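**Q** Here it is: the structure, laid out below.
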Amino acid sequence: MAYNEIEAGDKNWLSVLNGNFKQLFQENNYDQFWSRDYVLGNNLSRPNDGNDFALTKFNFVNNFSIIVGRGSITVNQSASDYWESTLTIPWKVSSASLILSDWMTYKGYFKAHHGVSADNTVAISASGKYTNETITANLLIVSQI
């Protein structure tokens, strides 16, 4: 029974919904759980404080995936209010990906975005003057490739 076949008062709706979610996820639904296989661009480094930035990719049907990243990143030097860097991840993402990002700081913003090609480099636009400050960053990428 599909979700759209559930009628009002049907007591079997939860098992139908669970079955649909099981079909949505593939058997091995994640790649490199909390991987640190990435390369940070200029002005950024790993703090090696035990909470380094890490990534997980969840795989769904039809090459649809969600990549989640969270952890500490050190901003080495940023003398200007606006600067750019990159994050090279182990997986390719589509140029039509949805990318949400944030970091915990009062000094400025952290915006990840993707160019026009389908590759594994995420561009970062940021603001705020930093000198060797460790910041907690969050990243969410929704992609199909």
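Chains: A, B, ... in order of the structure tokens. Residues: from 1 per chain. Ligands: from 1, in order shown.
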Please identify all polymer residues within 9 Å of Val39 of chain A, counting only C-alpha atoms, omitting same-chain residues fewer than 3 positions from it, and present them as a ChimeraX atom specification.
**A** /A:36,45,86-90
**Q** Hey, can you spit out that residue selection with C-alpha atoms as an mmCIF file, in the first residue's frame?
**A**
```cif
data_model
loop_
_atom_site.group_PDB
_atom_site.id
_atom_site.type_symbol
_atom_site.label_atom_id
_atom_site.label_comp_id
_atom_site.auth_asym_id
_atom_site.auth_seq_id
_atom_site.Cartn_x
_atom_site.Cartn_y
_atom_site.Cartn_z
ATOM 1 C CA ARG A 36 37.729 14.139 7.901
ATOM 2 C CA SER A 45 42.989 25.067 9.031
ATOM 3 C CA THR A 86 37.203 26.839 -0.285
ATOM 4 C CA LEU A 87 36.306 23.448 1.135
ATOM 5 C CA THR A 88 37.098 20.438 -1.062
ATOM 6 C CA ILE A 89 34.948 17.472 -0.018
ATOM 7 C CA PRO A 90 35.346 13.786 -0.993
#
```
**Q** Rank nothing, just name the residue among A:Gly108, A:Gly71, A:Gly128, A:Gly115 nearest to Gly50 of chain A, using only C-alpha atoms.
**A**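 Smallest separation from Gly50 of chain A among the options: A:Gly71.
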**Q** Take atom CA of Thr134 of chain A and atom CA of Asn76 of chain A and report the distance between them in Å, one decimal.
**A** 8.6 Å
**Q** A:Trp91, A:Leu44, A:Tyr38, A:Thr136: which is nearest Phe58 of chain A, counting only C-alpha atoms?
**A**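 Answer, going by the shortest atom-to-atom distance: A:Trp91.
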**Q** Using only C-alpha atoms, find the one residue out of A:Tyr109, A:Gly41, A:Asp52, A:Ile141 that sits nearest to Tyr82 of chain A.
**A** A:Tyr109
**Q** Please return as a ChimeraX atom specification: the residues of segment 19-121 of chain A that backbone DSSP assigns to helix (DSSP H, G or I).
**A** /A:19-24,61-63
**Q** Any chance you could list, as a PyMOL selection string, the residues in segment 51-94 of chain A that come up strand (DSSP E or B) when DSSP is run on the backbone?
**A** chain A and resi 52+54-60+64-78+82-93
**Q** Atom CA of Ser65 of chain A and atom CA of Val142 of chain A, how far apart in Å?
**A**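 Separation between atom CA of Val142 of chain A and atom CA of Ser65 of chain A: 6.0 Å.
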**Q** For Trp83 of chain A, which residue among A:Thr131, A:Ile124, A:Ser35, A:Leu140 is the nearest when counting only C-alpha atoms?
**A**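 So, comparing all the options, the nearest one is A:Ile124.
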**Q** Please identify all polymer residues within 10 Å of Phe110 of chain A, counting only C-alpha atoms, omitting same-chain residues fewer than 2 positions from it, and present them as a list in words.
**A**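 Here the qualifying residues turn out to be Trp83, Glu84, Leu100, Ser101, Asp102, Trp103, Met104, Thr105, Gly108, Ala112, His113, Ile124, Ser125, Ala126, Ser127, Gly128, Ala137, Asn138 and Leu139 of chain A.
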**Q** Report, in Å to a single decimal, how far apart atom CA of Asn51 of chain A and atom CA of Ser95 of chain A are.
**A**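 Those two atoms sit 29.3 Å apart.
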**Q** Could you check which of A:Asn43, A:Ser72, A:Gln144, A:Ser80 is closest to Lys57 of chain A, using only C-alpha atoms?
**A**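 Selected residue with least distance to Lys57 of chain A: A:Gln144.
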